[in-house]
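Data first, discussion second: the structure below is written as structure tokens.
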Amino acid sequence: MTTSVSTYTRVQTATHLADVVLGSIADILATLGVDATRVFADWDTDQKAISAWITEGSLSTVILECHQPNGTVSPIFEFPVAYGLTGEGDRKFTADRAALARYLAKLKTVPTGTVHRIFCTFSGAHSGQQGWSAGSRASVAGMRSYSFGTLAAGPHASTGLRYFNK
Amino acid sequence: MERTRFIAAAPVRTASEAWDIVCQLLTSTLERSSSVPSGTVATEFQRLKGLGPALIAGGHFEKLGLLLADENLDVSIQILTGDAALGVEENLNPFPGGATATSGWKIYLQEPGPLSPALSAAVKGSSHLSVGKPQASTKTVKIENPVNSLIDMDALRRLGGQS
């Protein structure tokens, strides 16, 4: 009888989650009608940063804000990261893209000229990453909140999706 | 005959790394042909910088992927993520038939999902990149024994009872 054991690294989990989060951000912006050129241009830099922060376990939430021309910041999307053992049965690396597609189909477009900003929040100390600097995220106080549930998971961490709208 | 290859993305490698492999695979296939000048393929893919990884990360190349079509080429590349990526046995050698590629080669980015408008803008003006599935009429069909008429008009008349 032979047995085999598969082991997965935190880097693999981080690579998977960072890709799913950034891919979802690109899809969300495209669905809303917001220019995502900067997301494409900064792809490698942002992927490396988010992946590094998940690997070290410091990343708390990735936030996508939509800034409308009239000053309104809405909608806002949060991708909270949870650390620990996850996975569904034998599945190790999951992404619920079918559910995301159904979710995106319900989104309304935003006014022309709306731009986006991406923020990350942390739990404790975190490494510095190229292309990222300190900033202040918008408040979600008073906004309606919808939870998507788990968007993607790996053996060491998972990420969900929350949506805030005015 | 259509050939399909599978490439692994995350968690095996990042979407950017997977995109680079796809570009290299298509470049090494097409640029074996004297009809495809060196650098041509890379120049075309430069239009998709950042967009290619976004398409992979969004899972948009998992089911239909990219299709390379030419007179003697009909190959598709599907890029898998998640658990599916862990089981991929990759063949990164150039596709057979690349040496006979013509200057009319075309790559179809078949199911880009919400990124379709951005992709369409990026490939605008390109004669080698196209968004969506190929139309059936774009496929070249070689007829070995052409005949003047493919419809037997006499048989049709007999069926309709007309003379």
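Chain identifiers are assigned as A, B, and so on, following the order in which chains appear in the structure tokens; residues are numbered from 1 within each chain, and ligands are numbered from 1 in order of appearance.
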Residue contacts of Phe148 (chain A) (7 Å, only C-alpha atoms) excluding same-chain residues fewer than 5 positions away, as an MDAnalysis selection string: chainID A and resid 160:162
Using only C-alpha atoms and a cut-off of 8 Å, which residues of chain A sit close to chain B? Please list them as a ChimeraX atom specification. /A:12-13,15-16,19-20,22-24,26-28,30-31,39-44,91-95,97
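CA of Thr27 (chain B) is positioned 13.2 Å from CA of Ser103 (chain B).
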My list of candidates is A:Ala101, A:Val110, A:Val81, A:Ile54. Which is closest to His67 (chain A) when distances are computed with only C-alpha atoms?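 Checking each of A:Ala101, A:Val110, A:Val81, A:Ile54 against His67 (chain A), counting only C-alpha atoms, the winner is A:Val110.
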Which of region 7-144 of chain B end up as strand (DSSP E or B) when DSSP is run on this backbone - answer as a list in words? Ile7, Ala8, Leu66, Leu67, Leu68, Ala69, Asp70, Leu73, Asp74, Val75, Ser76, Ile77, Gln78, Ile79, Leu80, Lys106, Ile107, Tyr108, Leu109, Leu129, Ser130 and Val131 of chain B
Got time to write the residues from that selection, C-alpha atoms, as a short mmCIF file (atom, residue, chain, number, x, y, z; two decimals), in the first residue's frame?
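Dumped to out22.cif:
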data_model
loop_
_atom_site.label_atom_id
_atom_site.label_comp_id
_atom_site.auth_asym_id
_atom_site.auth_seq_id
_atom_site.Cartn_x
_atom_site.Cartn_y
_atom_site.Cartn_z
CA ILE B 7 -1.75 25.80 -17.76
CA ALA B 8 -1.79 26.09 -13.98
CA LEU B 66 -7.64 31.40 -25.56
CA LEU B 67 -7.93 29.99 -29.04
CA LEU B 68 -5.15 30.27 -31.61
CA ALA B 69 -6.51 29.84 -35.11
CA ASP B 70 -4.67 29.81 -38.41
CA LEU B 73 -3.50 25.69 -36.36
CA ASP B 74 -6.48 25.21 -34.10
CA VAL B 75 -5.24 25.18 -30.55
CA SER B 76 -6.71 26.28 -27.26
CA ILE B 77 -5.14 27.10 -23.92
CA GLN B 78 -7.16 26.86 -20.75
CA ILE B 79 -5.76 28.33 -17.57
CA LEU B 80 -6.89 26.65 -14.38
CA LYS B 106 -5.40 35.07 -34.78
CA ILE B 107 -5.93 34.63 -31.07
CA TYR B 108 -9.48 34.68 -29.72
CA LEU B 109 -10.01 35.67 -26.10
CA LEU B 129 -6.25 39.62 -31.29
CA SER B 130 -10.00 39.30 -31.07
CA VAL B 131 -12.54 39.24 -28.24
#
Long-range neighbours of region 73-78 of chain A as a list in words, 9 Å cut-off, only C-alpha atoms, 4 positions minimum in chain: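 Near neighbours after the sequence-gap exclusion: Ile25, Thr61, Val62, Ile63, Leu64, Glu65, Cys66, His67, Gln68, Val110, Ala138, Ser139, Val140, Met143, Gly160, Leu161, Arg162, Tyr163, Phe164, Asn165 and Lys166 of chain A.
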So how far away is CA of Ser60 (chain A) from CA of Ser123 (chain A), in Å? 5.6 Å
Please identify the alpha helix (DSSP H) residues within region 10-161 of chain B (assignment by DSSP from backbone atoms) and present them as a tab-separated table (two decimals) with C-alpha atoms, in the first residue's frame.
chain	number	residue	atom	x	y	z
B	15	ALA	CA	-1.76	34.92	-12.63
B	16	SER	CA	1.05	37.11	-13.99
B	17	GLU	CA	3.46	34.19	-14.15
B	18	ALA	CA	0.81	32.04	-15.83
B	19	TRP	CA	0.17	34.82	-18.35
B	20	ASP	CA	3.90	35.01	-19.12
B	21	ILE	CA	3.94	31.26	-19.78
B	22	VAL	CA	0.98	31.55	-22.14
B	23	CYS	CA	2.73	34.36	-24.02
B	24	GLN	CA	5.94	32.33	-24.27
B	25	LEU	CA	4.07	29.24	-25.44
B	26	LEU	CA	2.26	31.11	-28.20
B	27	THR	CA	5.39	33.02	-29.17
B	28	SER	CA	7.49	29.86	-29.41
B	29	THR	CA	4.76	28.21	-31.49
B	30	LEU	CA	4.14	31.02	-33.97
B	40	THR	CA	5.47	40.19	-33.48
B	41	VAL	CA	3.64	38.07	-30.94
B	42	ALA	CA	5.17	39.83	-27.93
B	43	THR	CA	4.18	43.19	-29.40
B	44	GLU	CA	0.59	42.04	-29.70
B	45	PHE	CA	0.52	40.70	-26.15
B	46	GLN	CA	1.92	43.97	-24.85
B	51	LEU	CA	-5.39	42.61	-18.43
B	52	GLY	CA	-4.14	39.09	-19.13
B	53	PRO	CA	-3.41	38.39	-15.45
B	54	ALA	CA	-6.77	39.94	-14.48
B	55	LEU	CA	-8.57	37.60	-16.87
B	56	ILE	CA	-6.73	34.60	-15.44
B	57	ALA	CA	-7.28	35.66	-11.82
B	83	ASP	CA	-7.71	22.85	-6.81
B	84	ALA	CA	-7.94	22.24	-10.57
B	85	ALA	CA	-4.54	23.90	-11.04
B	86	LEU	CA	-2.91	21.42	-8.66
B	116	SER	CA	-15.03	42.41	-22.26
B	117	PRO	CA	-15.25	46.22	-22.81
B	118	ALA	CA	-11.73	46.80	-21.44
B	119	LEU	CA	-10.41	43.96	-23.54
B	120	SER	CA	-12.14	45.20	-26.67
B	121	ALA	CA	-10.54	48.62	-26.16
B	122	ALA	CA	-7.12	47.03	-25.65
B	123	VAL	CA	-7.23	44.93	-28.84
B	153	MET	CA	-31.60	19.36	-57.86
B	154	ASP	CA	-33.17	16.40	-59.60
B	155	ALA	CA	-33.57	14.58	-56.30
B	156	LEU	CA	-35.13	17.67	-54.74
B	157	ARG	CA	-37.65	17.94	-57.56
B	158	ARG	CA	-38.58	14.29	-57.17
B	159	LEU	CA	-39.17	14.76	-53.42
B	160	GLY	CA	-41.35	17.80	-54.04
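The spacing separating CA of Thr109 (chain A) from CA of Gln110 (chain B) amounts to 24.1 Å.
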